$ cat work09.tsv   # TSV, C-alpha atoms
chain	number	residue	atom	x	y	z
A	1	MET	CA	71.04	95.96	106.54
A	2	PRO	CA	73.75	98.33	105.22
A	3	PRO	CA	76.10	96.74	102.68
A	4	LYS	CA	79.27	95.22	104.03
A	5	LYS	CA	82.37	97.33	103.59
A	6	ARG	CA	83.80	94.84	101.14
A	7	ALA	CA	82.90	93.60	97.72
A	8	ARG	CA	80.48	90.73	97.31
A	9	SER	CA	80.39	88.47	94.29
A	10	SER	CA	77.63	86.09	93.31
A	11	ALA	CA	79.89	83.14	92.54
A	12	LYS	CA	79.50	81.29	95.80
A	13	SER	CA	76.35	79.50	94.65
A	14	ASN	CA	78.39	77.55	92.10
A	15	LYS	CA	80.14	75.22	94.52
A	16	HIS	CA	82.23	72.23	93.46
A	17	THR	CA	83.91	69.32	95.16
A	18	ASP	CA	87.69	69.01	95.06
A	19	ALA	CA	87.33	66.39	92.34
A	20	ASP	CA	85.30	68.86	90.34
A	21	ALA	CA	88.04	71.42	90.85
A	22	GLN	CA	90.59	69.35	88.98
A	23	HIS	CA	88.16	68.76	86.15
A	24	SER	CA	87.22	72.44	86.03
A	25	GLU	CA	90.81	73.57	85.81
A	26	VAL	CA	91.60	71.15	82.99
A	27	SER	CA	88.41	71.86	81.04
A	28	ASP	CA	88.93	75.58	81.48
A	29	ASP	CA	92.46	75.36	80.08
A	30	VAL	CA	91.12	73.43	77.10
A	31	ALA	CA	88.38	76.00	76.55
A	32	GLN	CA	90.94	78.80	76.60
A	33	LEU	CA	93.00	77.04	73.94
A	34	LYS	CA	89.98	76.37	71.74
A	35	THR	CA	88.71	79.94	71.81
A	36	GLY	CA	92.10	81.58	71.81
A	37	LYS	CA	90.81	83.82	74.57
A	38	ARG	CA	93.57	85.94	76.02
A	39	LYS	CA	92.81	86.93	79.57
A	40	SER	CA	93.40	90.68	79.45
A	41	HIS	CA	90.00	92.06	80.41
A	42	TRP	CA	87.23	90.81	82.69
A	43	LEU	CA	83.56	90.80	83.50
A	44	MET	CA	82.70	90.44	87.18
A	45	LYS	CA	79.19	89.89	88.49
A	46	SER	CA	77.72	91.14	91.75
A	47	GLU	CA	74.24	91.58	93.15
A	48	PRO	CA	72.92	95.17	93.46
A	49	GLU	CA	69.72	94.19	95.26
A	50	SER	CA	69.42	93.03	98.87
A	51	ARG	CA	69.44	89.29	99.49
A	52	ILE	CA	70.00	87.84	102.94
A	53	GLU	CA	72.12	84.70	103.20
A	54	ASN	CA	73.21	83.25	106.53
A	55	GLY	CA	72.03	86.48	108.15
A	56	VAL	CA	74.23	88.62	105.90
A	57	ASP	CA	73.07	90.96	103.14
A	58	VAL	CA	75.13	89.96	100.09
A	59	LYS	CA	74.09	93.10	98.18
A	60	PHE	CA	76.99	94.87	96.50
A	61	GLY	CA	76.29	97.08	93.51
A	62	ILE	CA	78.53	99.52	91.74
A	63	GLU	CA	77.24	102.37	93.92
A	64	ASP	CA	78.43	100.43	96.97
A	65	LEU	CA	81.92	100.21	95.47
A	66	LYS	CA	81.89	103.95	94.76
A	67	ALA	CA	80.98	104.62	98.40
A	68	LEU	CA	83.99	102.77	99.86
A	69	PRO	CA	87.16	104.60	100.95
A	70	ASN	CA	89.25	105.31	97.83
A	71	GLN	CA	86.38	103.64	95.92
A	72	THR	CA	88.25	100.38	96.46
A	73	GLY	CA	87.16	97.03	97.89
A	74	CYS	CA	88.04	93.34	97.97
A	75	TRP	CA	86.12	91.03	95.67
A	76	ASP	CA	85.42	88.26	98.14
A	77	GLY	CA	83.01	85.35	98.29
A	78	VAL	CA	83.91	83.60	95.03
A	79	ARG	CA	83.24	79.90	95.56
A	80	ASN	CA	83.65	78.51	92.06
A	81	TYR	CA	87.00	77.05	91.04
A	82	GLN	CA	87.06	78.41	87.49
A	83	ALA	CA	86.09	81.89	88.68
A	84	ARG	CA	88.75	81.68	91.40
A	85	ASN	CA	91.37	80.63	88.87
A	86	PHE	CA	90.47	83.55	86.63
A	87	MET	CA	91.00	85.91	89.57
A	88	ARG	CA	94.38	84.34	90.17
A	89	ASP	CA	95.27	85.25	86.58
A	90	MET	CA	94.38	88.92	87.03
A	91	LYS	CA	97.10	91.56	86.87
A	92	VAL	CA	97.18	95.01	88.43
A	93	GLY	CA	95.86	97.62	86.04
A	94	GLN	CA	93.60	95.32	84.05
A	95	GLN	CA	90.06	96.54	83.51
A	96	ALA	CA	86.80	94.78	84.30
A	97	PHE	CA	83.16	95.46	83.65
A	98	PHE	CA	81.04	95.67	86.80
A	99	TYR	CA	78.03	93.52	85.93
A	100	HIS	CA	74.83	93.64	87.96
A	101	SER	CA	73.38	90.13	88.29
A	102	ASN	CA	70.47	88.36	89.94
A	103	CYS	CA	68.34	91.50	89.70
A	104	LYS	CA	65.40	92.94	87.80
A	105	GLU	CA	67.58	94.11	84.91
A	106	PRO	CA	70.99	92.43	84.67
A	107	GLY	CA	73.72	94.16	82.72
A	108	ILE	CA	76.88	96.23	82.70
A	109	ALA	CA	76.83	99.27	84.95
A	110	GLY	CA	80.41	100.52	84.85
A	111	LEU	CA	84.13	99.88	84.80
A	112	MET	CA	86.67	99.11	87.48
A	113	LYS	CA	90.31	98.09	87.55
A	114	ILE	CA	92.34	95.49	89.40
A	115	VAL	CA	94.50	97.18	92.03
A	116	LYS	CA	95.71	94.15	94.01
A	117	GLU	CA	96.37	90.69	92.65
A	118	ALA	CA	94.95	87.50	94.15
A	119	TYR	CA	95.42	86.82	97.86
A	120	VAL	CA	93.66	84.74	100.51
A	121	ASP	CA	89.92	85.42	100.89
A	122	HIS	CA	89.42	85.83	104.63
A	123	THR	CA	85.65	85.18	104.47
A	124	GLN	CA	86.21	81.45	103.96
A	125	PHE	CA	87.27	81.21	107.63
A	126	ASP	CA	84.54	83.42	109.12
A	127	LYS	CA	81.72	81.29	110.52
A	128	LYS	CA	79.40	84.27	110.52
A	129	ASP	CA	80.02	85.07	106.88
A	130	ALA	CA	77.66	83.98	104.09
A	131	HIS	CA	80.63	82.48	102.26
A	132	TYR	CA	82.15	80.50	105.12
A	133	ASP	CA	83.72	77.24	103.93
A	134	PRO	CA	84.42	74.76	106.75
A	135	SER	CA	86.42	72.55	104.37
A	136	SER	CA	89.01	75.26	103.77
A	137	LYS	CA	91.98	75.25	106.14
A	138	ALA	CA	94.21	78.15	107.17
A	139	ASP	CA	97.35	76.24	106.15
A	140	ASN	CA	95.84	75.37	102.76
A	141	PRO	CA	93.18	77.95	101.84
A	142	LYS	CA	90.97	77.19	98.86
A	143	TRP	CA	89.71	80.62	97.96
A	144	SER	CA	91.26	83.83	96.74
A	145	MET	CA	90.14	87.39	96.09
A	146	VAL	CA	91.44	90.53	94.41
A	147	ASP	CA	91.03	94.22	95.15
A	148	VAL	CA	89.15	96.37	92.65
A	149	GLN	CA	88.76	100.12	92.28
A	150	PHE	CA	85.88	102.00	90.70
A	151	GLU	CA	86.82	103.77	87.47
A	152	ARG	CA	83.57	105.14	86.06
A	153	MET	CA	79.98	104.39	85.22
A	154	THR	CA	79.29	103.44	81.63
A	155	LYS	CA	77.64	106.30	79.72
A	156	ARG	CA	74.50	104.21	79.80
A	157	PHE	CA	73.53	100.92	81.39
A	158	ILE	CA	74.11	98.08	78.90
A	159	PRO	CA	71.48	95.41	79.59
A	160	LEU	CA	71.89	91.67	79.20
A	161	THR	CA	69.01	91.62	76.71
A	162	GLU	CA	70.95	93.89	74.35
A	163	LEU	CA	74.17	91.91	74.71
A	164	LYS	CA	72.29	88.71	73.97
A	165	LYS	CA	70.96	90.12	70.69
A	166	TYR	CA	74.49	90.89	69.57
A	167	HIS	CA	75.72	87.49	70.73
A	168	LEU	CA	73.09	85.67	68.68
A	169	GLN	CA	73.74	87.88	65.67
A	170	HIS	CA	77.49	87.37	65.88
A	171	LYS	CA	77.10	83.66	66.48
A	172	ALA	CA	75.10	83.36	63.27
A	173	LYS	CA	77.06	85.75	61.05
A	174	GLY	CA	80.38	86.19	62.80
A	175	GLY	CA	81.41	88.94	65.18
A	176	PRO	CA	83.31	89.65	68.39
A	177	LEU	CA	80.63	88.41	70.81
A	178	LYS	CA	80.05	85.01	69.21
A	179	ASP	CA	82.01	83.16	71.93
A	180	MET	CA	81.44	85.60	74.81
A	181	ALA	CA	81.63	83.74	78.13
A	182	LEU	CA	78.57	85.60	79.40
A	183	PHE	CA	76.58	83.25	77.17
A	184	THR	CA	78.85	80.23	76.73
A	185	ARG	CA	79.65	79.95	80.46
A	186	ALA	CA	76.81	82.00	81.88
A	187	ARG	CA	77.00	80.71	85.47
A	188	LEU	CA	80.53	81.99	86.07
A	189	SER	CA	80.62	85.20	88.09
A	190	VAL	CA	84.17	86.05	86.99
A	191	GLN	CA	84.78	85.77	83.27
A	192	PRO	CA	87.59	86.62	80.84
A	193	LEU	CA	87.06	88.91	77.87
A	194	THR	CA	89.27	89.32	74.84
A	195	ALA	CA	90.32	92.84	73.96
A	196	GLU	CA	88.01	92.59	70.94
A	197	GLU	CA	85.03	91.61	73.10
A	198	PHE	CA	85.79	94.32	75.64
A	199	ASP	CA	86.17	97.04	73.02
A	200	PHE	CA	82.96	96.08	71.24
A	201	VAL	CA	80.91	96.05	74.44
A	202	LEU	CA	82.40	99.36	75.53
A	203	SER	CA	81.50	100.90	72.17
A	204	LEU	CA	77.85	100.16	72.87
A	205	GLU	CA	77.71	102.90	75.50
A	206	ASN	CA	77.84	105.41	72.64
A	207	GLU	CA	75.07	103.70	70.69
A	208	ASP	CA	71.33	104.09	71.09
A	209	PRO	CA	69.75	101.21	73.05
A	210	ARG	CA	68.93	98.34	70.78
$ encode --input "work09.tsv" --output "structure tokens"
Amino acid sequence: MPPKKRARSSAKSNKHTDADAQHSEVSDDVAQLKTGKRKSHWLMKSEPESRIENGVDVKFGIEDLKALPNQTGCWDGVRNYQARNFMRDMKVGQQAFFYHSNCKEPGIAGLMKIVKEAYVDHTQFDKKDAHYDPSSKADNPKWSMVDVQFERMTKRFIPLTELKKYHLQHKAKGGPLKDMALFTRARLSVQPLTAEEFDFVLSLENEDPR
């Protein structure tokens, strides 16, 4: 099936109850304070390989984003409260890594920018959509999305295996990736990055694969 003409995230598998939502929001705020993580850059996961859910192919890789009109699409389907809250914190112009997940070789494929701040995710009301949520009501929608625009591919694909080596090294000896959410909160499909984390990861595109 051809990819949908809208972005697809892989967050919807991390569902929570409303009680969990409150706990998530509080614990997330605490985590932000502990790490001092300023939400200025992002890492956003999506699946580049076909996977059918509820009759819909949820595939959406960076090449799919590039193929959209104006290379812009909505990042819908997020069904995790922390990930949703992070999207609600996003500002126009902020950059994000496009991360390929749930595939043969996960990792960072390119960069995109936020071009529209959080608004209601229409897929929560669509019974035919893979991310339909019958508990969400039109007068009190649970889920939000943002619009993103392709900026460029990274000079080389930066695999998860390489990032993990740096994370472990920095965790042991100190370094910018020691608290990277990709490893401390791995299940989140939308994650904040500090400017230091973002700059270090971006610098890897100019390095030989490790």
$ residues_around --input "work09.tsv" --residues "His41 in chain A" --least-positions-apart "3" --cutoff "9 Å" --atoms "only C-alpha atoms" --output "VMD selection string"
chain A and resid 38 90 94 to 97 191 to 195 197 to 198
$ atom_distance --input "work09.tsv" --atom1 "CA of Asp126 in chain A" --atom2 "CA of Val58 in chain A"
14.6 Å
$ residues_around --input "work09.tsv" --residues "range 104-108 of chain A" --least-positions-apart "6" --cutoff "9 Å" --atoms "only C-alpha atoms" --output "number ranges by chain"
A: 43, 45, 49, 97-98, 154, 156-163
$ atom_distance --input "work09.tsv" --atom1 "CA of Phe60 in chain A" --atom2 "CA of Met44 in chain A"
11.8 Å
$ closest_residue --input "work09.tsv" --among "A:His100, A:His170, A:Val190, A:Asp147" --to "Phe86 in chain A" --atoms "only C-alpha atoms"
A:Val190
$ atom_distance --input "work09.tsv" --atom1 "CA of Val56 in chain A" --atom2 "CA of Val120 in chain A"
20.5 Å
$ residues_around --input "work09.tsv" --residues "Asn206 in chain A" --least-positions-apart "3" --cutoff "9 Å" --atoms "all atoms listed in the file" --output "list in words"
Lys155, Arg156, Leu202 and Ser203 of chain A
$ closest_residue --input "work09.tsv" --among "A:Val78, A:Leu204, A:Ala83, A:Met180" --to "Tyr132 in chain A" --atoms "all atoms listed in the file"
A:Val78
$ residues_around --input "work09.tsv" --residues "Ser46 in chain A" --least-positions-apart "5" --cutoff "12 Å" --atoms "all atoms listed in the file" --output "PyMOL selection string"
chain A and resi 6-12+51+58-65+75-78+97-103+106-110+188-190
$ closest_residue --input "work09.tsv" --among "A:Pro134, A:Pro141, A:Gly73, A:Pro209" --to "Lys165 in chain A" --atoms "all atoms listed in the file"
A:Pro209
$ residues_near_point --input "work09.tsv" --point "(94.6, 90.9, 89.6)" --cutoff "8 Å" --atoms "only C-alpha atoms" --output "count of residues only"
15
$ residues_around --input "work09.tsv" --residues "Lys66 in chain A" --least-positions-apart "6" --cutoff "9 Å" --atoms "all atoms listed in the file" --output "count of residues only"
5
$ closest_residue --input "work09.tsv" --among "A:Ala130, A:Leu177, A:Leu182, A:Ala67" --to "Gly55 in chain A" --atoms "all atoms listed in the file"
A:Ala130
